[in-house]
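Peer 1: Take a look at run-v5.txt, compact mmCIF, C-alpha atoms and all ligand atoms:
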```
# COMPACT_ATOMS: atom_id res chain seq x y z
CA MET A 21 135.87 65.94 128.99
CA VAL A 22 135.15 66.55 125.35
CA LYS A 23 133.37 69.78 124.54
CA VAL A 24 131.51 70.96 121.46
CA ASN A 25 132.03 74.18 119.54
CA GLU A 26 129.23 76.05 121.24
CA HIS A 27 129.15 78.70 118.54
CA TYR A 28 127.20 76.16 116.49
CA LEU A 29 124.45 76.28 119.11
CA LYS A 30 123.87 79.95 118.33
CA LEU A 31 122.71 79.06 114.83
CA LYS A 32 119.02 79.06 114.18
CA ALA A 33 118.08 75.50 113.25
CA GLY A 34 118.42 74.93 109.47
CA TYR A 35 115.02 76.45 109.15
CA LEU A 36 114.26 77.62 105.65
CA PHE A 37 114.44 74.67 103.26
CA PRO A 38 113.38 71.99 105.78
CA GLU A 39 110.34 74.11 106.66
CA ILE A 40 109.48 74.56 102.97
CA GLY A 41 109.84 70.80 102.49
CA ARG A 42 107.60 70.11 105.47
CA ARG A 43 104.82 72.39 104.24
CA VAL A 44 104.97 71.09 100.67
CA LYS A 45 104.91 67.48 101.88
CA ALA A 46 101.91 68.12 104.12
CA TYR A 47 100.06 69.83 101.27
CA SER A 48 100.88 67.12 98.72
CA GLU A 49 99.81 64.36 101.09
CA SER A 50 96.43 65.93 101.67
CA HIS A 51 96.01 66.80 97.96
CA PRO A 52 97.51 63.77 96.16
CA ASP A 53 96.10 64.60 92.70
CA ILE A 54 97.33 68.19 92.54
CA LYS A 55 100.60 68.78 90.72
CA VAL A 56 102.80 71.10 92.75
CA ILE A 57 105.32 73.14 90.74
CA ARG A 58 108.57 73.88 92.53
CA LEU A 59 110.29 77.15 91.76
CA GLY A 60 111.89 77.26 95.16
CA ILE A 61 115.36 75.86 95.46
CA GLY A 62 118.38 77.32 93.72
CA ASP A 63 119.41 74.16 91.90
CA VAL A 64 119.68 73.73 88.17
CA THR A 65 117.56 71.18 86.27
CA ARG A 66 119.09 70.91 82.76
CA PRO A 67 121.68 68.16 82.16
CA LEU A 68 125.37 68.75 81.49
CA VAL A 69 125.97 69.79 77.88
CA PRO A 70 127.39 67.23 75.38
CA ALA A 71 130.89 68.78 75.12
CA VAL A 72 131.26 68.60 78.90
CA ILE A 73 129.98 65.02 79.05
CA GLU A 74 132.43 63.98 76.35
CA ALA A 75 135.39 65.52 78.18
CA PHE A 76 134.18 64.06 81.47
CA HIS A 77 134.03 60.55 79.90
CA GLN A 78 137.46 61.05 78.36
CA GLY A 79 138.81 62.01 81.77
CA VAL A 80 137.39 58.82 83.28
CA ASP A 81 138.86 56.71 80.45
CA ASP A 82 142.27 58.31 81.09
CA MET A 83 142.03 57.06 84.66
CA ALA A 84 141.59 53.48 83.37
CA ASN A 85 144.92 53.42 81.59
CA GLY A 86 148.34 53.19 83.25
CA GLU A 87 149.81 55.63 80.72
CA THR A 88 147.24 58.38 81.33
CA PHE A 89 146.23 57.66 84.92
CA HIS A 90 146.29 60.61 87.34
CA GLY A 91 146.76 60.35 91.10
CA TYR A 92 146.87 63.38 93.34
CA GLY A 93 146.87 66.53 91.27
CA PRO A 94 148.08 69.94 92.41
CA GLU A 95 146.04 71.19 95.38
CA GLN A 96 145.55 74.45 93.48
CA GLY A 97 144.09 72.64 90.46
CA TYR A 98 145.71 71.80 87.14
CA GLU A 99 147.43 74.75 85.54
CA TRP A 100 145.78 73.95 82.19
CA LEU A 101 142.37 74.57 83.73
CA ALA A 102 143.49 77.81 85.39
CA LYS A 103 144.88 78.94 82.02
CA VAL A 104 141.65 78.13 80.19
CA VAL A 105 139.68 80.16 82.75
CA ILE A 106 142.10 83.07 82.49
CA ASP A 107 142.05 83.07 78.67
CA LYS A 108 138.35 82.46 78.13
CA ALA A 109 136.64 83.98 81.17
CA TYR A 110 138.93 86.84 82.24
CA LYS A 111 140.97 88.06 79.24
CA PRO A 112 137.86 89.05 77.24
CA LEU A 113 136.95 91.35 80.16
CA GLY A 114 140.35 93.02 79.97
CA VAL A 115 141.42 91.28 83.18
CA GLU A 116 144.95 89.81 83.28
CA LEU A 117 145.61 87.08 85.82
CA LYS A 118 148.46 84.69 86.47
CA ALA A 119 147.79 80.97 86.92
CA SER A 120 149.21 81.27 90.46
CA GLU A 121 146.38 83.68 91.28
CA VAL A 122 143.66 81.13 90.41
CA PHE A 123 142.81 78.32 92.84
CA ILE A 124 140.54 75.57 91.48
CA SER A 125 138.24 74.05 94.09
CA ASP A 126 135.20 71.86 94.59
CA GLY A 127 132.84 74.83 94.69
CA SER A 128 132.16 78.28 96.01
CA LYS A 129 130.19 77.29 99.07
CA CYS A 130 133.34 75.75 100.51
CA ASP A 131 135.58 78.57 99.31
CA THR A 132 133.42 81.41 100.64
CA SER A 133 133.40 79.56 103.98
CA ASN A 134 137.01 78.41 104.10
CA ILE A 135 138.40 81.81 103.19
CA LEU A 136 137.68 82.88 106.77
CA ASP A 137 140.58 80.63 107.85
CA ILE A 138 143.12 83.20 106.67
CA PHE A 139 141.60 86.22 108.46
CA GLY A 140 141.89 87.12 112.15
CA LEU A 141 138.82 86.66 114.30
CA ASP A 142 138.86 90.31 115.32
CA ASN A 143 138.02 91.56 111.84
CA ARG A 144 134.70 93.34 111.58
CA VAL A 145 132.52 91.76 108.92
CA ALA A 146 129.75 93.29 106.82
CA ILE A 147 127.14 91.22 105.01
CA CYS A 148 124.13 92.23 102.97
CA ASP A 149 120.62 91.54 104.20
CA PRO A 150 118.99 89.51 102.63
CA VAL A 151 121.94 87.25 101.86
CA TYR A 152 123.18 83.81 100.81
CA PRO A 153 123.04 82.29 104.32
CA VAL A 154 126.52 80.72 104.09
CA TYR A 155 128.30 84.07 104.71
CA ASN A 156 126.36 84.69 107.90
CA ASP A 157 126.38 81.19 109.34
CA THR A 158 130.08 80.49 108.77
CA ASN A 159 130.96 83.63 110.73
CA VAL A 160 128.70 82.47 113.56
CA MET A 161 130.32 79.01 113.55
CA LEU A 162 133.79 80.53 113.88
CA GLY A 163 132.77 82.54 116.92
CA ARG A 164 132.85 85.98 115.38
CA THR A 165 129.37 86.79 116.73
CA GLY A 166 127.27 86.76 119.85
CA GLU A 167 123.70 85.53 119.97
CA VAL A 168 120.96 86.22 117.45
CA ASP A 169 118.46 88.92 118.38
CA ALA A 170 114.67 88.94 117.95
CA ARG A 171 114.96 90.38 114.45
CA GLY A 172 117.39 87.70 113.31
CA TYR A 173 120.63 89.71 113.50
CA TYR A 174 123.71 88.29 115.22
CA SER A 175 125.60 90.73 117.41
CA GLY A 176 129.08 91.42 116.14
CA LEU A 177 128.19 91.43 112.41
CA VAL A 178 127.35 94.56 110.43
CA TYR A 179 124.24 94.08 108.30
CA LEU A 180 123.64 96.13 105.17
CA PRO A 181 119.92 96.15 104.26
CA CYS A 182 119.11 95.76 100.56
CA VAL A 183 115.49 96.67 99.88
CA ALA A 184 113.42 98.23 97.11
CA GLU A 185 113.76 101.65 98.81
CA ASN A 186 117.53 101.68 98.23
CA ASN A 187 117.32 99.86 94.90
CA PHE A 188 118.89 96.80 96.56
CA THR A 189 122.11 98.78 96.75
CA PRO A 190 123.56 98.62 100.25
CA ALA A 191 124.77 101.84 101.85
CA PHE A 192 128.37 101.90 103.05
CA PRO A 193 128.62 100.74 106.67
CA GLU A 194 128.33 103.49 109.28
CA GLU A 195 131.15 101.94 111.28
CA PRO A 196 134.43 100.84 109.68
CA VAL A 197 134.53 97.19 108.59
CA ASP A 198 137.39 94.97 107.44
CA LEU A 199 135.69 92.27 105.38
CA ILE A 200 132.74 92.89 103.08
CA TYR A 201 130.81 90.15 101.31
CA LEU A 202 129.29 91.21 98.00
CA CYS A 203 127.41 88.90 95.66
CA TYR A 204 126.60 90.15 92.16
CA PRO A 205 124.46 89.23 90.31
CA ASN A 206 122.75 88.69 93.62
CA ASN A 207 121.19 85.67 95.21
CA PRO A 208 118.43 86.06 96.40
CA THR A 209 117.35 89.42 94.91
CA GLY A 210 118.47 88.78 91.32
CA THR A 211 119.75 92.36 91.13
CA VAL A 212 123.11 93.55 89.79
CA ALA A 213 125.73 96.16 90.67
CA SER A 214 126.80 98.80 88.17
CA ARG A 215 130.40 99.68 87.45
CA GLU A 216 129.99 102.90 89.49
CA GLN A 217 128.57 101.03 92.47
CA LEU A 218 131.38 98.50 92.42
CA GLN A 219 133.93 101.29 92.04
CA GLY A 220 132.40 102.82 95.17
CA TRP A 221 133.02 99.58 97.09
CA VAL A 222 136.56 99.24 95.80
CA ASP A 223 137.29 102.84 96.80
CA TYR A 224 135.75 102.18 100.21
CA ALA A 225 137.86 99.06 100.67
CA LEU A 226 141.08 100.79 99.62
CA ALA A 227 140.36 103.77 101.91
CA ASN A 228 139.54 101.53 104.89
CA ASP A 229 142.17 98.82 104.29
CA ALA A 230 139.30 96.35 103.91
CA VAL A 231 138.94 93.25 101.74
CA ILE A 232 135.93 92.56 99.50
CA LEU A 233 134.85 88.93 99.22
CA PHE A 234 133.17 89.03 95.82
CA ASP A 235 130.89 86.12 94.95
CA ALA A 236 130.40 86.04 91.18
CA ALA A 237 128.56 82.70 91.04
CA TYR A 238 125.98 84.16 88.64
CA GLU A 239 128.19 86.28 86.38
CA ALA A 240 127.40 84.12 83.34
CA PHE A 241 123.74 85.16 83.59
CA ILE A 242 124.46 88.85 83.00
CA THR A 243 122.65 90.06 79.89
CA GLU A 244 123.08 93.83 80.32
CA PRO A 245 126.20 94.96 78.45
CA ASP A 246 127.46 97.53 80.99
CA ILE A 247 127.36 95.31 84.07
CA PRO A 248 130.81 94.05 85.19
CA HIS A 249 131.30 90.28 85.26
CA SER A 250 134.32 90.46 87.54
CA ILE A 251 135.35 92.74 90.38
CA TYR A 252 138.76 92.97 88.67
CA GLU A 253 137.20 95.03 85.90
CA ILE A 254 137.18 97.78 88.52
CA PRO A 255 140.44 99.76 88.87
CA GLY A 256 142.07 99.11 92.26
CA ALA A 257 140.28 95.81 92.88
CA ARG A 258 143.46 93.73 92.62
CA LYS A 259 144.60 95.37 95.85
CA CYS A 260 141.39 94.77 97.81
CA ALA A 261 139.26 91.94 96.43
CA ILE A 262 139.03 88.16 96.35
CA GLU A 263 136.69 86.72 93.72
CA PHE A 264 134.79 83.45 93.87
CA ARG A 265 133.43 81.75 90.78
CA SER A 266 131.60 78.48 90.32
CA PHE A 267 130.77 76.10 87.49
CA SER A 268 127.60 75.17 89.40
CA LYS A 269 125.06 77.57 87.96
CA THR A 270 127.09 78.52 84.88
CA ALA A 271 127.37 75.00 83.53
CA GLY A 272 125.13 72.79 85.68
CA PHE A 273 127.95 71.51 87.91
CA THR A 274 125.93 71.55 91.16
CA GLY A 275 126.28 67.76 91.34
CA VAL A 276 129.74 67.63 89.76
CA ARG A 277 131.49 70.19 91.98
CA CYS A 278 133.98 72.68 90.63
CA GLY A 279 134.68 76.32 91.38
CA LEU A 280 137.57 78.70 91.73
CA THR A 281 138.92 81.48 93.88
CA VAL A 282 141.08 84.32 92.59
CA ILE A 283 143.55 86.04 94.92
CA PRO A 284 145.80 88.60 93.19
CA GLU A 285 149.45 88.81 94.21
CA GLU A 286 149.06 92.45 95.28
CA LEU A 287 146.39 91.69 97.85
CA THR A 288 147.77 91.93 101.38
CA ALA A 289 146.55 92.29 104.96
CA LYS A 290 148.32 93.32 108.15
CA THR A 291 149.64 91.38 111.09
CA ALA A 292 149.14 92.84 114.59
CA SER A 293 152.63 94.32 114.31
CA GLY A 294 151.81 96.02 111.03
CA GLU A 295 153.64 93.75 108.60
CA ARG A 296 151.77 93.21 105.32
CA ILE A 297 151.24 89.58 104.32
CA LYS A 298 150.18 88.30 100.91
CA LEU A 299 146.76 86.68 101.10
CA ASN A 300 147.60 84.59 98.04
CA ALA A 301 150.41 82.92 100.01
CA LEU A 302 148.18 82.30 103.03
CA TRP A 303 145.39 80.78 100.91
CA ASN A 304 147.96 78.64 99.11
CA ARG A 305 149.18 77.41 102.51
CA ARG A 306 145.63 76.78 103.62
CA GLN A 307 144.64 74.86 100.49
CA THR A 308 147.81 72.77 100.30
CA THR A 309 147.33 71.76 103.94
CA LYS A 310 143.59 71.16 104.07
CA PHE A 311 142.59 70.33 100.49
CA ASN A 312 143.77 67.73 97.99
CA GLY A 313 142.35 69.12 94.79
CA VAL A 314 139.44 68.40 92.48
CA SER A 315 139.27 65.09 90.63
CA PHE A 316 140.96 64.91 87.24
CA PRO A 317 137.80 64.02 85.23
CA VAL A 318 135.92 66.92 86.84
CA GLN A 319 138.65 69.38 85.89
CA LYS A 320 138.62 67.96 82.33
CA ALA A 321 134.86 68.50 82.25
CA ALA A 322 135.26 72.05 83.61
CA ALA A 323 137.83 72.95 80.94
CA ALA A 324 135.38 71.78 78.26
CA VAL A 325 132.89 74.42 79.44
CA TYR A 326 135.20 77.00 77.86
CA SER A 327 135.85 75.18 74.58
CA ASP A 328 134.13 76.90 71.65
CA GLU A 329 131.64 74.08 71.36
CA GLY A 330 131.12 73.78 75.12
CA TRP A 331 130.58 77.48 75.63
CA ALA A 332 128.01 77.67 72.81
CA GLN A 333 126.12 74.78 74.39
CA VAL A 334 126.38 76.23 77.91
CA GLN A 335 125.19 79.58 76.62
CA GLY A 336 122.17 77.81 75.14
CA VAL A 337 121.24 76.47 78.57
CA ILE A 338 121.77 79.88 80.19
CA ASP A 339 119.52 81.43 77.52
CA TYR A 340 116.90 78.82 78.29
CA TYR A 341 116.91 79.74 81.99
CA MET A 342 116.91 83.45 81.22
CA GLU A 343 113.90 82.99 78.95
CA ASN A 344 112.21 81.33 81.95
CA ALA A 345 113.16 84.38 83.99
CA ARG A 346 111.60 86.67 81.38
CA ILE A 347 108.39 84.62 81.34
CA ILE A 348 108.13 84.80 85.13
CA ARG A 349 109.03 88.49 85.37
CA GLU A 350 106.72 89.66 82.61
CA GLY A 351 103.87 87.33 83.54
CA LEU A 352 103.87 88.40 87.16
CA GLY A 353 104.26 92.02 86.14
CA GLN A 354 101.11 91.71 84.04
CA ALA A 355 99.33 90.28 87.06
CA GLY A 356 100.22 93.47 88.93
CA ILE A 357 102.96 91.93 91.07
CA THR A 358 106.08 94.07 91.49
CA CYS A 359 109.16 92.11 90.45
CA PHE A 360 112.88 92.81 90.75
CA GLY A 361 115.85 90.99 89.26
CA GLY A 362 115.50 88.30 86.62
CA VAL A 363 117.20 90.35 83.88
CA SER A 364 120.83 89.44 84.57
CA ALA A 365 120.23 86.72 87.16
CA PRO A 366 118.12 83.55 87.29
CA TYR A 367 116.08 84.76 90.26
CA ILE A 368 112.97 86.93 90.44
CA TRP A 369 112.50 88.76 93.71
CA LEU A 370 108.94 89.87 94.08
CA LYS A 371 107.17 92.12 96.51
CA THR A 372 104.37 90.11 98.08
CA PRO A 373 100.91 91.40 97.04
CA GLN A 374 99.05 93.51 99.63
CA GLY A 375 102.08 93.61 101.87
CA MET A 376 101.64 90.00 102.90
CA ALA A 377 104.32 88.47 105.11
CA SER A 378 106.70 86.20 103.16
CA TRP A 379 105.48 82.97 104.79
CA ASP A 380 101.80 83.96 104.40
CA PHE A 381 102.42 84.46 100.70
CA PHE A 382 104.20 81.10 100.59
CA ASP A 383 101.12 79.38 102.02
CA LYS A 384 98.75 81.25 99.72
CA LEU A 385 100.83 80.43 96.64
CA LEU A 386 101.04 76.78 97.67
CA ASN A 387 97.36 76.42 98.56
CA GLU A 388 95.82 78.43 95.75
CA CYS A 389 98.30 78.12 92.86
CA HIS A 390 100.16 74.97 93.92
CA VAL A 391 103.44 76.75 93.24
CA VAL A 392 106.41 76.62 95.62
CA GLY A 393 108.82 79.53 96.02
CA THR A 394 111.13 80.72 98.76
CA PRO A 395 110.03 83.19 101.44
CA GLY A 396 112.28 86.24 101.36
CA SER A 397 112.43 86.40 105.14
CA GLY A 398 114.42 83.16 105.07
CA PHE A 399 117.37 85.10 103.63
CA GLY A 400 117.42 87.75 106.33
CA PRO A 401 115.17 90.20 108.17
CA SER A 402 115.13 92.68 105.27
CA GLY A 403 113.75 89.93 103.02
CA GLU A 404 110.43 90.06 104.90
CA GLY A 405 107.63 91.01 102.50
CA TYR A 406 109.55 89.61 99.54
CA PHE A 407 109.57 86.24 97.81
CA ARG A 408 112.06 84.48 95.51
CA LEU A 409 111.14 82.51 92.41
CA SER A 410 113.85 80.57 90.60
CA ALA A 411 114.14 80.43 86.80
CA PHE A 412 115.98 77.09 86.95
CA GLY A 413 112.83 75.01 86.27
CA GLY A 414 111.63 73.34 83.08
CA ARG A 415 109.86 75.59 80.56
CA GLU A 416 106.44 73.92 80.80
CA ASN A 417 106.43 74.11 84.59
CA VAL A 418 107.43 77.75 84.47
CA GLN A 419 104.67 78.56 81.98
CA GLU A 420 102.10 76.64 83.97
CA ALA A 421 103.17 78.31 87.23
CA VAL A 422 102.89 81.77 85.71
CA LYS A 423 99.46 80.91 84.26
CA ARG A 424 98.24 79.79 87.67
CA ILE A 425 99.60 82.89 89.41
CA CYS A 426 98.07 85.21 86.80
CA GLY A 427 94.75 83.36 87.09
CA LYS A 428 94.78 84.19 90.77
CA TRP A 429 96.13 87.75 90.76
CA GLY A 430 95.64 88.87 87.16
CA LYS A 431 93.03 91.50 86.51
C1 LIG B 501 124.87 78.49 94.17
C2 LIG B 501 125.72 79.54 94.78
C3 LIG B 501 127.09 79.38 94.89
C4 LIG B 501 127.79 78.18 94.29
O1 LIG B 501 128.00 77.20 95.20
P1 LIG B 501 128.82 75.89 94.79
O2 LIG B 501 129.36 75.41 96.08
O3 LIG B 501 129.91 76.31 93.85
O4 LIG B 501 127.85 74.94 94.17
C5 LIG B 501 127.86 80.38 95.45
N1 LIG B 501 127.29 81.51 95.88
C6 LIG B 501 125.97 81.71 95.77
C7 LIG B 501 125.41 83.00 96.22
C8 LIG B 501 125.14 80.74 95.24
O5 LIG B 501 123.83 80.95 95.14
```
Would you mind writing the structure in this file as structure tokens?
Peer 2:
Amino acid sequence: MVKVNEHYLKLKAGYLFPEIGRRVKAYSESHPDIKVIRLGIGDVTRPLVPAVIEAFHQGVDDMANGETFHGYGPEQGYEWLAKVVIDKAYKPLGVELKASEVFISDGSKCDTSNILDIFGLDNRVAICDPVYPVYNDTNVMLGRTGEVDARGYYSGLVYLPCVAENNFTPAFPEEPVDLIYLCYPNNPTGTVASREQLQGWVDYALANDAVILFDAAYEAFITEPDIPHSIYEIPGARKCAIEFRSFSKTAGFTGVRCGLTVIPEELTAKTASGERIKLNALWNRRQTTKFNGVSFPVQKAAAAVYSDEGWAQVQGVIDYYMENARIIREGLGQAGITCFGGVSAPYIWLKTPQGMASWDFFDKLLNECHVVGTPGSGFGPSGEGYFRLSAFGGRENVQEAVKRICGKWGK
């Protein structure tokens, strides 16, 4: 008799975005002439930049010619792409990596999920709250947790609340943990971690023989000069951290699919008998067995992101989004709404006015301003009373949304 993986049944139904979609659809159907502005989902809206498109086309043309055709590539990605990333994205930070430490993939969602394959089920896992839901749900799917409680916490995971009261800086866990997910700049709060804060986590991990899973999907949006772009800028991190990066938000690759995972050679974890095993070797084994690499044209396109021309164009798009973020942050601030983030991340995390619940504010914003955002409670219990607006929209929509919100709440 075939059985299902019952751990999946513990998951709350994919609630957040379907529920947003349902409410927006219902509103639009009953108000057909009102233009609803969507600042909800975390997807980009600007097209790929010309240098990337050109390289992408060239990659496709290469596939049309017997001389330049490419079949299966290395599962770890082409070394030329790894080298471009190392030279252009890591060297300027003072971070030295070897090509064998960089694994090209089809994105960070998969990598942050799949990485759990190489860790024992009995590891204790800490995640921030609120959080990118993938970290939580993939642990539930694997069977690392019990059921969800009334607050929304799964037994067996250690949750680290990130709220205005602690400056969105999680305290170290009260009980020892083995795996710690950190995402900076953060989705959903748009906040960043300082060098000192990251050093604190690296020291914690080294002292507790723990591994940090560092999601740097938004590093390209950092505008403050002192904020680290990579966990490997922190002394000791090569011994305790895995870093995930993505071309998705950096260069508009959400529909193209390319990311990378860095696992330094020094990073090890123990077997039950106490032998130390290189995580780089395990991930290599995992990827070569379960993954067949990213398509050649996509890797060509990804390399073009870091050409001089490509990077200037990509930076222009990032600046465009960050100007949106400034418009939202300052506009809402003038309307008396308390905002966090949005300086070195494309998300503004606002405190709902008058202590409204996240979903109540969602309905009010939809009904009275015709603007769609994301209720903070959808990212975890500590997101209740907060709300996320994305800066990934078009400029006119962003300006119009801010005008509507200020018209409602402005003094
Ligand atoms: C968007 C995002 C990613 C990137 O996912 P891809 O699979 O590379 O598109 C990773 N982490 C976080 C927190 C994100 O918001």
Peer 1: Which residues are near ligand LIG 501 (chain B) in this structure, taking near to mean any atom at most 10 Å from a ligand atom and counting only C-alpha atoms and all ligand atoms? Format them as a VMD selection string.
Peer 2: chain A and resid 61 to 64 125 to 133 151 to 155 202 to 208 234 to 238 264 to 270 272 to 280 367
Peer 1: Determine, counting all atoms listed in the file, which protein, DNA and RNA residues have an atom within 12 Å of an atom of region 419-425 of chain A; residues of the same chain fewer than 5 positions away are not included. Present the result as a PyMOL selection string.
Peer 2: chain A and resi 55-60+343-357+373+381+384-393+409-411+413-414+430-431
Peer 1: Which of these residues is nearest to Ala240 (chain A), using all atoms listed in the file: A:Leu180, A:Ala323, A:Thr158, A:Tyr110?
Peer 2: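 Among the listed residues, A:Tyr110 lies closest to Ala240 (chain A).
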Peer 1: Please determine, counting all atoms listed in the file, which residue among A:Ile247, A:Val160, A:Ala146, A:Met376 has the shortest atom-to-atom distance to Leu233 (chain A).
Peer 2: A:Ala146
Peer 1: For Leu113 (chain A), which of A:Asp383, A:Asp246, A:Asp157, A:Glu329 is the closest residue, counting all atoms listed in the file?
Peer 2: A:Asp246
Peer 1: So which one's closest to Glu216 (chain A), A:Pro67, A:Pro255, A:Gly398, A:Pro94? Using all atoms listed in the file, please.
Peer 2: A:Pro255
Peer 1: Counting all atoms listed in the file, find residues at most 9 Å from (136.0, 92.8, 117.1) (file frame) and give them as a PyMOL selection string.
Peer 2: chain A and resi 141-145+164-165+176
Peer 1: Kindly indicate which residue among A:Tyr340, A:Phe399, A:Tyr92, A:Tyr406 lies nearest to Tyr173 (chain A), using all atoms listed in the file for the distances.
Peer 2: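 The shortest atom-to-atom distance to Tyr173 (chain A) comes from A:Phe399.
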Peer 1: Skipping near chain neighbours, those fewer than 3 positions away, what residues fall within 12 Å of Pro70 (chain A) using all atoms listed in the file, listed as a PyMOL selection string?
Peer 2: chain A and resi 66-67+73-77+271-272+321+324-325+327+329-334+336-337
Peer 1: Select, from A:Val183, A:Ile54, A:Ala377, A:Ile138, the residue with the minimum atom-to-atom distance to Thr209 (chain A), counting all atoms listed in the file.
Peer 2: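 Result for the nearest residue to Thr209 (chain A): A:Val183.
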Peer 1: Need the axis-aligned box for region 319-333 of chain A with 3 Å each side, so what are the centre and edges in Å to one decimal, as JSON?
Peer 2:
```
{"center_x": 132.4, "center_y": 72.8, "center_z": 78.6, "size_x": 18.5, "size_y": 15.7, "size_z": 20.5}
```
Peer 1: Contacts of Trp303 (chain A) at 9 Å or less, counting all atoms listed in the file, minus same-chain residues fewer than 3 places along, as a list in words?
Peer 2: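 Listed by chain and then number, they are Phe123, Ile135, Asp137, Ile138, Ile283, Lys298, Leu299, Asn300, Arg306, Gln307 and Thr308 of chain A.
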Peer 1: So that I have them on file, write out the residues from the current selection with C-alpha atoms, as a PDB file, in the frame of the given file.
Peer 2:
```
ATOM      1  CA  PHE A 123     142.810  78.320  92.840  1.00  0.00           C
ATOM      2  CA  ILE A 135     138.400  81.810 103.190  1.00  0.00           C
ATOM      3  CA  ASP A 137     140.580  80.630 107.850  1.00  0.00           C
ATOM      4  CA  ILE A 138     143.120  83.200 106.670  1.00  0.00           C
ATOM      5  CA  ILE A 283     143.550  86.040  94.920  1.00  0.00           C
ATOM      6  CA  LYS A 298     150.180  88.300 100.910  1.00  0.00           C
ATOM      7  CA  LEU A 299     146.760  86.680 101.100  1.00  0.00           C
ATOM      8  CA  ASN A 300     147.600  84.590  98.040  1.00  0.00           C
ATOM      9  CA  ARG A 306     145.630  76.780 103.620  1.00  0.00           C
ATOM     10  CA  GLN A 307     144.640  74.860 100.490  1.00  0.00           C
ATOM     11  CA  THR A 308     147.810  72.770 100.300  1.00  0.00           C
TER      12      THR A 308
END
```
Peer 1: Show which residues sit within 7 Å of region 100-107 of chain A, as a PyMOL selection string. Count only C-alpha atoms, and ignore same-chain residues fewer than 4 positions away.
Peer 2: chain A and resi 111+117+119+122+319+323+326
Peer 1: Tell me, in Å to one decimal, how far CA of Phe241 (chain A) is from CA of Gly362 (chain A).
Peer 2: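 Distance reported for this atom pair: 9.3 Å.
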Peer 1: Have a look at CA of Glu39 (chain A) and CA of Gly400 (chain A) and let me know their distance in Å, one decimal.
Peer 2: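 That distance, rounded to one decimal, is 15.4 Å.
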Peer 1: Provide the CA of Leu36 (chain A) to CA of Trp379 (chain A) distance in Å, to one decimal place.
Peer 2: 10.3 Å
Peer 1: Which residues come within 12 Å of Tyr179 (chain A), counting all atoms listed in the file, excluding same-chain residues fewer than 4 positions away, as a count of residues only?
Peer 2: 29
Peer 1: Could you please fill out region 277-288 of chain A with N, CA and C atoms and send it back as an mmCIF file, keeping the file's coordinate frame?
Peer 2:
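Result saved to out-v1.cif:
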```cif
data_model
loop_
_atom_site.group_PDB
_atom_site.id
_atom_site.type_symbol
_atom_site.label_atom_id
_atom_site.label_comp_id
_atom_site.auth_asym_id
_atom_site.auth_seq_id
_atom_site.Cartn_x
_atom_site.Cartn_y
_atom_site.Cartn_z
ATOM 1 N N ARG A 277 130.660 69.476 91.027
ATOM 2 C CA ARG A 277 131.490 70.190 91.980
ATOM 3 C C ARG A 277 132.803 70.733 91.399
ATOM 4 N N CYS A 278 132.754 71.994 91.005
ATOM 5 C CA CYS A 278 133.980 72.680 90.630
ATOM 6 C C CYS A 278 133.766 74.197 90.715
ATOM 7 N N GLY A 279 134.725 74.871 91.282
ATOM 8 C CA GLY A 279 134.680 76.320 91.380
ATOM 9 C C GLY A 279 136.087 76.857 91.407
ATOM 10 N N LEU A 280 136.220 78.139 91.637
ATOM 11 C CA LEU A 280 137.570 78.700 91.730
ATOM 12 C C LEU A 280 137.563 79.988 92.540
ATOM 13 N N THR A 281 138.721 80.255 93.113
ATOM 14 C CA THR A 281 138.920 81.480 93.880
ATOM 15 C C THR A 281 140.119 82.207 93.301
ATOM 16 N N VAL A 282 139.978 83.511 93.114
ATOM 17 C CA VAL A 282 141.080 84.320 92.590
ATOM 18 C C VAL A 282 141.601 85.221 93.702
ATOM 19 N N ILE A 283 142.905 85.142 93.953
ATOM 20 C CA ILE A 283 143.550 86.040 94.920
ATOM 21 C C ILE A 283 144.763 86.667 94.254
ATOM 22 N N PRO A 284 144.671 87.940 93.862
ATOM 23 C CA PRO A 284 145.800 88.600 93.190
ATOM 24 C C PRO A 284 147.020 88.713 94.097
ATOM 25 N N GLU A 285 148.190 88.722 93.461
ATOM 26 C CA GLU A 285 149.450 88.810 94.210
ATOM 27 C C GLU A 285 149.552 90.090 95.047
ATOM 28 N N GLU A 286 148.947 91.167 94.566
ATOM 29 C CA GLU A 286 149.060 92.450 95.280
ATOM 30 C C GLU A 286 148.246 92.519 96.560
ATOM 31 N N LEU A 287 147.329 91.591 96.734
ATOM 32 C CA LEU A 287 146.390 91.690 97.850
ATOM 33 C C LEU A 287 147.070 91.279 99.159
ATOM 34 N N THR A 288 147.106 92.194 100.102
ATOM 35 C CA THR A 288 147.770 91.930 101.380
ATOM 36 C C THR A 288 146.868 92.349 102.541
#
```
